[in-house]
Amino acid sequence: MKGRTIQRHFRESLRSITRNGWMTFASISAVTVTLLLVGVFTIIMMNLNKVADDIENDVEIKVLIEIIEDADKAKAAEDKLMTDIKKISGVEEVVYSSKEQELDLLIEDFGEDLSLFEQSNPLRNVLYVKATEPQQTAKVAEKIEKLDNIYQVVYGEGKVEKLFSFLNTSRNIGIVLILGLLFTAIFLISNTIRITIIARKEEIEIMKLVGATNAFVRIPFVIEGMWLGILGSIIPMAVVTIVYYKFYNIVQPKLQGELLQLVDLTPLLYQVNVLILVLGIFIGIWGSFMSVRRFLKI
């Protein structure tokens with residue numbers, strides 16, 4: 001395609017945008033609202049995913065070891081238990097914690113009042129086990145329970161399964177909402193281009209009569225859709241960047257040292273802005289293409 005032809009197509013697309021002022025405004029507004037919602041939902045979903053990953057990675061199995069009075073036998077039993085657990089399929093890590101360490105953790109969490117138990121420690125030695133895949137925690141716990149020299153296996157039975165189910169459901173709902181918003185934007189742009197085609201029907205028929213090909217007629221409409229997508233992505237990118245930047249700087253300092261953390265500003269904002277721009281261009285071009293394909297009958 002020659003340079004002059006390309007320039008002509010771009011000029012025609014820009015002319016069409018200015019000529020159909022209200023429809024252009026309606027389309028850009030629809031794309032802006034849609035992409036803004038997509039951007040907001042994307043940031044929420046990425047933060048929810050991080051929270052979900054942090055929670056999943058923090059899920060572990062607490063194995064309370066049976067008390068054996070003979071010190072040598074107790075040490076041998078604990079070593080064997082650690083070895084047996086490490087052999088279980090799906091186990092990533094096994095960490096030993098003595099009853100003295102467990103008491104120190106309790107004192108740290110609940111205060112010095114528990115220091116009274118230092119002379120007569122009622123706790124047990126513990127093994128903390130992490131599964132390779134957090135979703136396999138329950139299965140790994142069931143296998144550990146069958147081993148010898150175990151007093152109790154604790155992993156939040158029932159609650160863990162509900163947690164994973166809730167996190168997966170939240171992710172799926174977010175994906176469905178984002179896809180629904182994208183299809184809405186494509187539909188609106190498609191209708192705008194269709195109205196433009198109907199308004200210019202006579203002009204298009206004349207162009208066809210003088211030898212214009214279908215591609216020559218269609219390309220300006222596709223470029224017009226691209227412009228609508230780009231223009232509709234500017235405000236969402238600005239709003240998402242400003243709002244999340246301020247939100248992060250207010251909330252993140254308060255979460256220092258906590259399990260739940262926000263996704264860092266970079267590369268998150270860069271990724272989301274690129275996503276918004278690419279989606280804007282895509283839904284603009286795709287909406288135009290579908291409209292031209294269905295309604296440009298010449």
# chains A, B, ... in the order shown; residues from 1 in each chain; ligands from 1
$ residues_around --residues "A:Arg124" --least-positions-apart "6" --cutoff "10 Å" --atoms "only C-alpha atoms" --output "list in words"
Val63, Leu64, Ile65, Glu66, Ile67, Ser97, Ser98, Lys99, Glu100, Gln101, Glu102, Leu103 and Tyr151 of chain A
$ residues_around --residues "A:Leu37" --least-positions-apart "3" --cutoff "10 Å" --atoms "only C-alpha atoms" --output "PyMOL selection string"
chain A and resi 31-34+40-43+177-178+181-182+236+240
$ atom_distance --atom1 "atom CA of A:Asn168" --atom2 "atom CA of A:Thr184"
24.7 Å
$ select_by_dssp --residues "stretch 67-234 of chain A" --states "helix (DSSP H, G or I)" --output "MDAnalysis selection string"
chainID A and resid 71:87 99:110 112:118 134:145 159:199 201:209 214:234
$ closest_residue --among "A:Ile88, A:Ile150, A:Leu265, A:Ile144" --to "A:Tyr245" --atoms "only C-alpha atoms"
A:Leu265
$ residues_around --residues "stretch 246-250 of chain A" --least-positions-apart "5" --cutoff "9 Å" --atoms "only C-alpha atoms" --output "PyMOL selection string"
chain A and resi 241+262-265
$ write_last_selection --atoms "C-alpha atoms" --output "compact mmCIF listing (two decimals), in the first residue's frame"
# COMPACT_ATOMS: atom_id res chain seq x y z
CA THR A 241 -1.99 5.74 37.80
CA LEU A 262 0.01 -4.47 48.14
CA VAL A 263 1.58 -5.08 44.75
CA ASP A 264 4.50 -2.69 44.17
CA LEU A 265 3.86 0.41 42.03
$ residues_around --residues "A:Val94" --least-positions-apart "5" --cutoff "9 Å" --atoms "only C-alpha atoms" --output "PyMOL selection string"
chain A and resi 82+85-86+127-130
$ write_last_selection --atoms "N, CA and C atoms" --output "PDB file, in the first residue's frame"
ATOM      1  N   MET A  82      11.145 -36.887  60.685  1.00  0.00           N
ATOM      2  CA  MET A  82      11.506 -35.869  59.688  1.00  0.00           C
ATOM      3  C   MET A  82      11.857 -36.511  58.359  1.00  0.00           C
ATOM      4  N   ILE A  85       8.691 -37.860  56.662  1.00  0.00           N
ATOM      5  CA  ILE A  85       7.853 -36.784  56.115  1.00  0.00           C
ATOM      6  C   ILE A  85       8.465 -36.247  54.820  1.00  0.00           C
ATOM      7  N   LYS A  86       9.780 -36.076  54.811  1.00  0.00           N
ATOM      8  CA  LYS A  86      10.457 -35.559  53.615  1.00  0.00           C
ATOM      9  C   LYS A  86      10.283 -36.486  52.408  1.00  0.00           C
ATOM     10  N   LEU A 127       7.045 -30.071  64.201  1.00  0.00           N
ATOM     11  CA  LEU A 127       7.568 -29.996  62.832  1.00  0.00           C
ATOM     12  C   LEU A 127       6.600 -29.178  61.993  1.00  0.00           C
ATOM     13  N   TYR A 128       7.140 -28.169  61.305  1.00  0.00           N
ATOM     14  CA  TYR A 128       6.320 -27.370  60.397  1.00  0.00           C
ATOM     15  C   TYR A 128       6.587 -27.839  58.970  1.00  0.00           C
ATOM     16  N   VAL A 129       5.512 -28.244  58.301  1.00  0.00           N
ATOM     17  CA  VAL A 129       5.637 -28.843  56.968  1.00  0.00           C
ATOM     18  C   VAL A 129       4.927 -27.976  55.929  1.00  0.00           C
ATOM     19  N   LYS A 130       5.607 -27.691  54.844  1.00  0.00           N
ATOM     20  CA  LYS A 130       4.999 -26.950  53.734  1.00  0.00           C
ATOM     21  C   LYS A 130       4.872 -27.866  52.530  1.00  0.00           C
TER      22      LYS A 130
END
$ closest_residue --among "A:Val251, A:Tyr244, A:Ile234, A:Lys162" --to "A:Leu268" --atoms "only C-alpha atoms"
A:Tyr244
$ closest_residue --among "A:Ile17, A:Leu36, A:Val140, A:Leu279" --to "A:Phe183" --atoms "only C-alpha atoms"
A:Leu279
$ residues_around --residues "A:Ala141" --least-positions-apart "6" --cutoff "8 Å" --atoms "only C-alpha atoms" --output "NGL selection string"
:A and (61 or 153 or 155)
$ select_by_dssp --residues "stretch 118-192 of chain A" --states "strand (DSSP E or B)" --output "VMD selection string"
chain A and resid 126 to 131 150 to 154
$ write_last_selection --atoms "C-alpha atoms" --output "mmCIF file, in the first residue's frame"
data_model
loop_
_atom_site.group_PDB
_atom_site.id
_atom_site.type_symbol
_atom_site.label_atom_id
_atom_site.label_comp_id
_atom_site.auth_asym_id
_atom_site.auth_seq_id
_atom_site.Cartn_x
_atom_site.Cartn_y
_atom_site.Cartn_z
ATOM 1 C CA VAL A 126 6.897 -29.462 66.537
ATOM 2 C CA LEU A 127 7.568 -29.996 62.832
ATOM 3 C CA TYR A 128 6.320 -27.370 60.397
ATOM 4 C CA VAL A 129 5.637 -28.843 56.968
ATOM 5 C CA LYS A 130 4.999 -26.950 53.734
ATOM 6 C CA ALA A 131 3.472 -28.607 50.688
ATOM 7 C CA ILE A 150 2.759 -38.194 66.099
ATOM 8 C CA TYR A 151 0.508 -36.636 68.729
ATOM 9 C CA GLN A 152 -1.550 -34.383 66.455
ATOM 10 C CA VAL A 153 -1.528 -32.897 62.954
ATOM 11 C CA VAL A 154 -2.972 -29.370 62.638
#
$ residues_around --residues "A:Thr18" --least-positions-apart "6" --cutoff "12 Å" --atoms "only C-alpha atoms" --output "number ranges by chain"
A: 11-12, 24-25, 196, 224, 227-228
$ write_last_selection --atoms "all heavy atoms" --output "PDB file, in the first residue's frame"
ATOM      1  N   ARG A  11      -6.339  10.401   7.168  1.00  0.00           N
ATOM      2  CA  ARG A  11      -7.091  11.647   7.078  1.00  0.00           C
ATOM      3  C   ARG A  11      -8.601  11.385   7.128  1.00  0.00           C
ATOM      4  O   ARG A  11      -9.349  12.078   7.806  1.00  0.00           O
ATOM      5  CB  ARG A  11      -6.736  12.407   5.800  1.00  0.00           C
ATOM      6  CG  ARG A  11      -5.415  13.172   5.862  1.00  0.00           C
ATOM      7  CD  ARG A  11      -5.352  14.223   4.764  1.00  0.00           C
ATOM      8  NE  ARG A  11      -5.603  13.657   3.440  1.00  0.00           N
ATOM      9  CZ  ARG A  11      -4.646  13.156   2.646  1.00  0.00           C
ATOM     10  NH1 ARG A  11      -3.374  13.151   3.078  1.00  0.00           N
ATOM     11  NH2 ARG A  11      -4.940  12.674   1.459  1.00  0.00           N
ATOM     12  N   GLU A  12      -9.036  10.373   6.378  1.00  0.00           N
ATOM     13  CA  GLU A  12     -10.465  10.024   6.344  1.00  0.00           C
ATOM     14  C   GLU A  12     -10.963   9.591   7.717  1.00  0.00           C
ATOM     15  O   GLU A  12     -12.066   9.942   8.139  1.00  0.00           O
ATOM     16  CB  GLU A  12     -10.714   8.902   5.330  1.00  0.00           C
ATOM     17  CG  GLU A  12     -10.781   9.365   3.897  1.00  0.00           C
ATOM     18  CD  GLU A  12     -11.943  10.322   3.672  1.00  0.00           C
ATOM     19  OE1 GLU A  12     -13.071  10.019   4.112  1.00  0.00           O
ATOM     20  OE2 GLU A  12     -11.717  11.400   3.089  1.00  0.00           O
ATOM     21  N   THR A  24     -18.995  10.043  18.171  1.00  0.00           N
ATOM     22  CA  THR A  24     -17.601   9.864  18.578  1.00  0.00           C
ATOM     23  C   THR A  24     -17.462  10.039  20.086  1.00  0.00           C
ATOM     24  O   THR A  24     -16.803   9.249  20.764  1.00  0.00           O
ATOM     25  CB  THR A  24     -16.691  10.878  17.857  1.00  0.00           C
ATOM     26  OG1 THR A  24     -16.746  10.630  16.447  1.00  0.00           O
ATOM     27  CG2 THR A  24     -15.253  10.757  18.334  1.00  0.00           C
ATOM     28  N   PHE A  25     -18.103  11.086  20.606  1.00  0.00           N
ATOM     29  CA  PHE A  25     -18.067  11.347  22.052  1.00  0.00           C
ATOM     30  C   PHE A  25     -18.670  10.179  22.827  1.00  0.00           C
ATOM     31  O   PHE A  25     -18.122   9.750  23.848  1.00  0.00           O
ATOM     32  CB  PHE A  25     -18.827  12.640  22.366  1.00  0.00           C
ATOM     33  CG  PHE A  25     -18.928  12.929  23.830  1.00  0.00           C
ATOM     34  CD1 PHE A  25     -17.838  13.425  24.526  1.00  0.00           C
ATOM     35  CD2 PHE A  25     -20.123  12.692  24.512  1.00  0.00           C
ATOM     36  CE1 PHE A  25     -17.928  13.684  25.890  1.00  0.00           C
ATOM     37  CE2 PHE A  25     -20.212  12.951  25.871  1.00  0.00           C
ATOM     38  CZ  PHE A  25     -19.121  13.447  26.564  1.00  0.00           C
ATOM     39  N   THR A 196     -22.013   5.200  11.308  1.00  0.00           N
ATOM     40  CA  THR A 196     -21.186   5.993  10.389  1.00  0.00           C
ATOM     41  C   THR A 196     -21.275   5.449   8.971  1.00  0.00           C
ATOM     42  O   THR A 196     -21.382   6.206   7.998  1.00  0.00           O
ATOM     43  CB  THR A 196     -19.715   5.976  10.862  1.00  0.00           C
ATOM     44  OG1 THR A 196     -19.639   6.466  12.197  1.00  0.00           O
ATOM     45  CG2 THR A 196     -18.851   6.851   9.965  1.00  0.00           C
ATOM     46  N   GLU A 224     -10.385   4.358  12.197  1.00  0.00           N
ATOM     47  CA  GLU A 224     -11.238   5.178  13.054  1.00  0.00           C
ATOM     48  C   GLU A 224     -11.493   4.477  14.384  1.00  0.00           C
ATOM     49  O   GLU A 224     -11.452   5.097  15.451  1.00  0.00           O
ATOM     50  CB  GLU A 224     -12.565   5.470  12.355  1.00  0.00           C
ATOM     51  CG  GLU A 224     -13.506   6.335  13.170  1.00  0.00           C
ATOM     52  CD  GLU A 224     -14.831   6.566  12.468  1.00  0.00           C
ATOM     53  OE1 GLU A 224     -14.928   6.329  11.245  1.00  0.00           O
ATOM     54  OE2 GLU A 224     -15.789   6.995  13.145  1.00  0.00           O
ATOM     55  N   TRP A 227      -8.496   4.862  16.572  1.00  0.00           N
ATOM     56  CA  TRP A 227      -8.443   6.177  17.213  1.00  0.00           C
ATOM     57  C   TRP A 227      -9.391   6.243  18.411  1.00  0.00           C
ATOM     58  O   TRP A 227      -9.049   6.798  19.462  1.00  0.00           O
ATOM     59  CB  TRP A 227      -8.802   7.290  16.221  1.00  0.00           C
ATOM     60  CG  TRP A 227      -7.769   7.590  15.184  1.00  0.00           C
ATOM     61  CD1 TRP A 227      -7.927   7.614  13.832  1.00  0.00           C
ATOM     62  CD2 TRP A 227      -6.390   7.921  15.419  1.00  0.00           C
ATOM     63  NE1 TRP A 227      -6.756   7.931  13.198  1.00  0.00           N
ATOM     64  CE2 TRP A 227      -5.794   8.128  14.149  1.00  0.00           C
ATOM     65  CE3 TRP A 227      -5.611   8.066  16.560  1.00  0.00           C
ATOM     66  CZ2 TRP A 227      -4.464   8.473  13.996  1.00  0.00           C
ATOM     67  CZ3 TRP A 227      -4.270   8.401  16.416  1.00  0.00           C
ATOM     68  CH2 TRP A 227      -3.713   8.601  15.153  1.00  0.00           C
ATOM     69  N   LEU A 228     -10.587   5.704  18.235  1.00  0.00           N
ATOM     70  CA  LEU A 228     -11.557   5.707  19.333  1.00  0.00           C
ATOM     71  C   LEU A 228     -11.005   4.952  20.546  1.00  0.00           C
ATOM     72  O   LEU A 228     -11.179   5.380  21.687  1.00  0.00           O
ATOM     73  CB  LEU A 228     -12.876   5.081  18.880  1.00  0.00           C
ATOM     74  CG  LEU A 228     -13.671   5.836  17.800  1.00  0.00           C
ATOM     75  CD1 LEU A 228     -14.884   5.023  17.373  1.00  0.00           C
ATOM     76  CD2 LEU A 228     -14.103   7.210  18.305  1.00  0.00           C
TER      77      LEU A 228
END
$ decode --residues "stretch 82-96 of chain A" --atoms "all heavy atoms" --output "mmCIF file, in the first residue's frame"
data_model
loop_
_atom_site.group_PDB
_atom_site.id
_atom_site.type_symbol
_atom_site.label_atom_id
_atom_site.label_comp_id
_atom_site.auth_asym_id
_atom_site.auth_seq_id
_atom_site.Cartn_x
_atom_site.Cartn_y
_atom_site.Cartn_z
ATOM 1 N N MET A 82 11.145 -36.887 60.685
ATOM 2 C CA MET A 82 11.506 -35.869 59.688
ATOM 3 C C MET A 82 11.857 -36.511 58.359
ATOM 4 O O MET A 82 11.434 -36.063 57.284
ATOM 5 C CB MET A 82 12.687 -35.019 60.176
ATOM 6 C CG MET A 82 12.329 -33.985 61.213
ATOM 7 S SD MET A 82 13.678 -32.808 61.532
ATOM 8 C CE MET A 82 13.703 -31.875 60.000
ATOM 9 N N THR A 83 12.635 -37.601 58.428
ATOM 10 C CA THR A 83 13.030 -38.307 57.202
ATOM 11 C C THR A 83 11.823 -38.880 56.481
ATOM 12 O O THR A 83 11.695 -38.754 55.256
ATOM 13 C CB THR A 83 14.021 -39.445 57.537
ATOM 14 O OG1 THR A 83 15.164 -38.898 58.189
ATOM 15 C CG2 THR A 83 14.466 -40.157 56.262
ATOM 16 N N ASP A 84 10.902 -39.474 57.254
ATOM 17 C CA ASP A 84 9.704 -40.077 56.646
ATOM 18 C C ASP A 84 8.815 -39.007 55.997
ATOM 19 O O ASP A 84 8.241 -39.226 54.929
ATOM 20 C CB ASP A 84 8.906 -40.846 57.712
ATOM 21 C CG ASP A 84 9.632 -42.104 58.177
ATOM 22 O OD1 ASP A 84 10.538 -42.554 57.444
ATOM 23 O OD2 ASP A 84 9.297 -42.607 59.264
ATOM 24 N N ILE A 85 8.691 -37.860 56.662
ATOM 25 C CA ILE A 85 7.853 -36.784 56.115
ATOM 26 C C ILE A 85 8.465 -36.247 54.820
ATOM 27 O O ILE A 85 7.750 -35.966 53.844
ATOM 28 C CB ILE A 85 7.674 -35.652 57.152
ATOM 29 C CG1 ILE A 85 6.812 -36.148 58.310
ATOM 30 C CG2 ILE A 85 7.020 -34.422 56.505
ATOM 31 C CD1 ILE A 85 6.667 -35.141 59.444
ATOM 32 N N LYS A 86 9.780 -36.076 54.811
ATOM 33 C CA LYS A 86 10.457 -35.559 53.615
ATOM 34 C C LYS A 86 10.283 -36.486 52.408
ATOM 35 O O LYS A 86 10.338 -36.039 51.261
ATOM 36 C CB LYS A 86 11.941 -35.342 53.887
ATOM 37 C CG LYS A 86 12.222 -34.154 54.797
ATOM 38 C CD LYS A 86 13.717 -34.007 55.081
ATOM 39 C CE LYS A 86 13.983 -32.802 55.985
ATOM 40 N NZ LYS A 86 15.423 -32.665 56.312
ATOM 41 N N LYS A 87 10.069 -37.769 52.685
ATOM 42 C CA LYS A 87 9.886 -38.743 51.611
ATOM 43 C C LYS A 87 8.486 -38.692 50.997
ATOM 44 O O LYS A 87 8.266 -39.227 49.910
ATOM 45 C CB LYS A 87 10.150 -40.159 52.138
ATOM 46 C CG LYS A 87 11.609 -40.441 52.471
ATOM 47 C CD LYS A 87 11.769 -41.862 53.008
ATOM 48 C CE LYS A 87 13.222 -42.145 53.365
ATOM 49 N NZ LYS A 87 13.386 -43.515 53.942
ATOM 50 N N ILE A 88 7.549 -38.053 51.700
ATOM 51 C CA ILE A 88 6.171 -37.989 51.208
ATOM 52 C C ILE A 88 6.099 -37.115 49.962
ATOM 53 O O ILE A 88 6.660 -36.015 49.917
ATOM 54 C CB ILE A 88 5.223 -37.428 52.299
ATOM 55 C CG1 ILE A 88 5.152 -38.404 53.476
ATOM 56 C CG2 ILE A 88 3.827 -37.174 51.736
ATOM 57 C CD1 ILE A 88 4.346 -37.877 54.646
ATOM 58 N N SER A 89 5.424 -37.601 48.956
ATOM 59 C CA SER A 89 5.260 -36.838 47.712
ATOM 60 C C SER A 89 4.461 -35.561 47.968
ATOM 61 O O SER A 89 3.410 -35.593 48.598
ATOM 62 C CB SER A 89 4.526 -37.696 46.678
ATOM 63 O OG SER A 89 4.263 -36.948 45.510
ATOM 64 N N GLY A 90 4.992 -34.438 47.490
ATOM 65 C CA GLY A 90 4.288 -33.164 47.654
ATOM 66 C C GLY A 90 4.798 -32.329 48.808
ATOM 67 O O GLY A 90 4.328 -31.210 49.012
ATOM 68 N N VAL A 91 5.787 -32.816 49.551
ATOM 69 C CA VAL A 91 6.372 -32.060 50.658
ATOM 70 C C VAL A 91 7.537 -31.230 50.142
ATOM 71 O O VAL A 91 8.457 -31.748 49.504
ATOM 72 C CB VAL A 91 6.847 -32.996 51.793
ATOM 73 C CG1 VAL A 91 7.652 -32.212 52.827
ATOM 74 C CG2 VAL A 91 5.661 -33.677 52.451
ATOM 75 N N GLU A 92 7.483 -29.937 50.431
ATOM 76 C CA GLU A 92 8.561 -29.041 49.978
ATOM 77 C C GLU A 92 9.600 -28.788 51.060
ATOM 78 O O GLU A 92 10.795 -28.766 50.795
ATOM 79 C CB GLU A 92 7.968 -27.704 49.529
ATOM 80 C CG GLU A 92 9.017 -26.699 49.055
ATOM 81 C CD GLU A 92 8.405 -25.378 48.652
ATOM 82 O OE1 GLU A 92 7.175 -25.227 48.724
ATOM 83 O OE2 GLU A 92 9.175 -24.480 48.264
ATOM 84 N N GLU A 93 9.118 -28.612 52.299
ATOM 85 C CA GLU A 93 10.030 -28.204 53.369
ATOM 86 C C GLU A 93 9.539 -28.730 54.711
ATOM 87 O O GLU A 93 8.339 -28.773 54.978
ATOM 88 C CB GLU A 93 10.115 -26.671 53.395
ATOM 89 C CG GLU A 93 11.061 -26.099 54.428
ATOM 90 C CD GLU A 93 11.026 -24.575 54.444
ATOM 91 O OE1 GLU A 93 9.924 -23.997 54.354
ATOM 92 O OE2 GLU A 93 12.101 -23.970 54.572
ATOM 93 N N VAL A 94 10.498 -29.140 55.559
ATOM 94 C CA VAL A 94 10.187 -29.572 56.927
ATOM 95 C C VAL A 94 11.117 -28.820 57.868
ATOM 96 O O VAL A 94 12.343 -28.884 57.723
ATOM 97 C CB VAL A 94 10.376 -31.088 57.111
ATOM 98 C CG1 VAL A 94 9.998 -31.494 58.534
ATOM 99 C CG2 VAL A 94 9.550 -31.873 56.103
ATOM 100 N N VAL A 95 10.529 -28.095 58.819
ATOM 101 C CA VAL A 95 11.323 -27.297 59.770
ATOM 102 C C VAL A 95 11.016 -27.756 61.192
ATOM 103 O O VAL A 95 9.849 -27.837 61.588
ATOM 104 C CB VAL A 95 11.020 -25.788 59.615
ATOM 105 C CG1 VAL A 95 11.800 -24.993 60.655
ATOM 106 C CG2 VAL A 95 11.356 -25.316 58.217
ATOM 107 N N TYR A 96 12.081 -28.031 61.957
ATOM 108 C CA TYR A 96 11.934 -28.484 63.344
ATOM 109 C C TYR A 96 11.887 -27.289 64.280
ATOM 110 O O TYR A 96 12.624 -26.316 64.125
ATOM 111 C CB TYR A 96 13.104 -29.395 63.723
ATOM 112 C CG TYR A 96 13.091 -29.852 65.160
ATOM 113 C CD1 TYR A 96 12.304 -30.925 65.561
ATOM 114 C CD2 TYR A 96 13.881 -29.201 66.124
ATOM 115 C CE1 TYR A 96 12.284 -31.348 66.883
ATOM 116 C CE2 TYR A 96 13.874 -29.624 67.443
ATOM 117 C CZ TYR A 96 13.066 -30.690 67.815
ATOM 118 O OH TYR A 96 13.051 -31.107 69.135
#
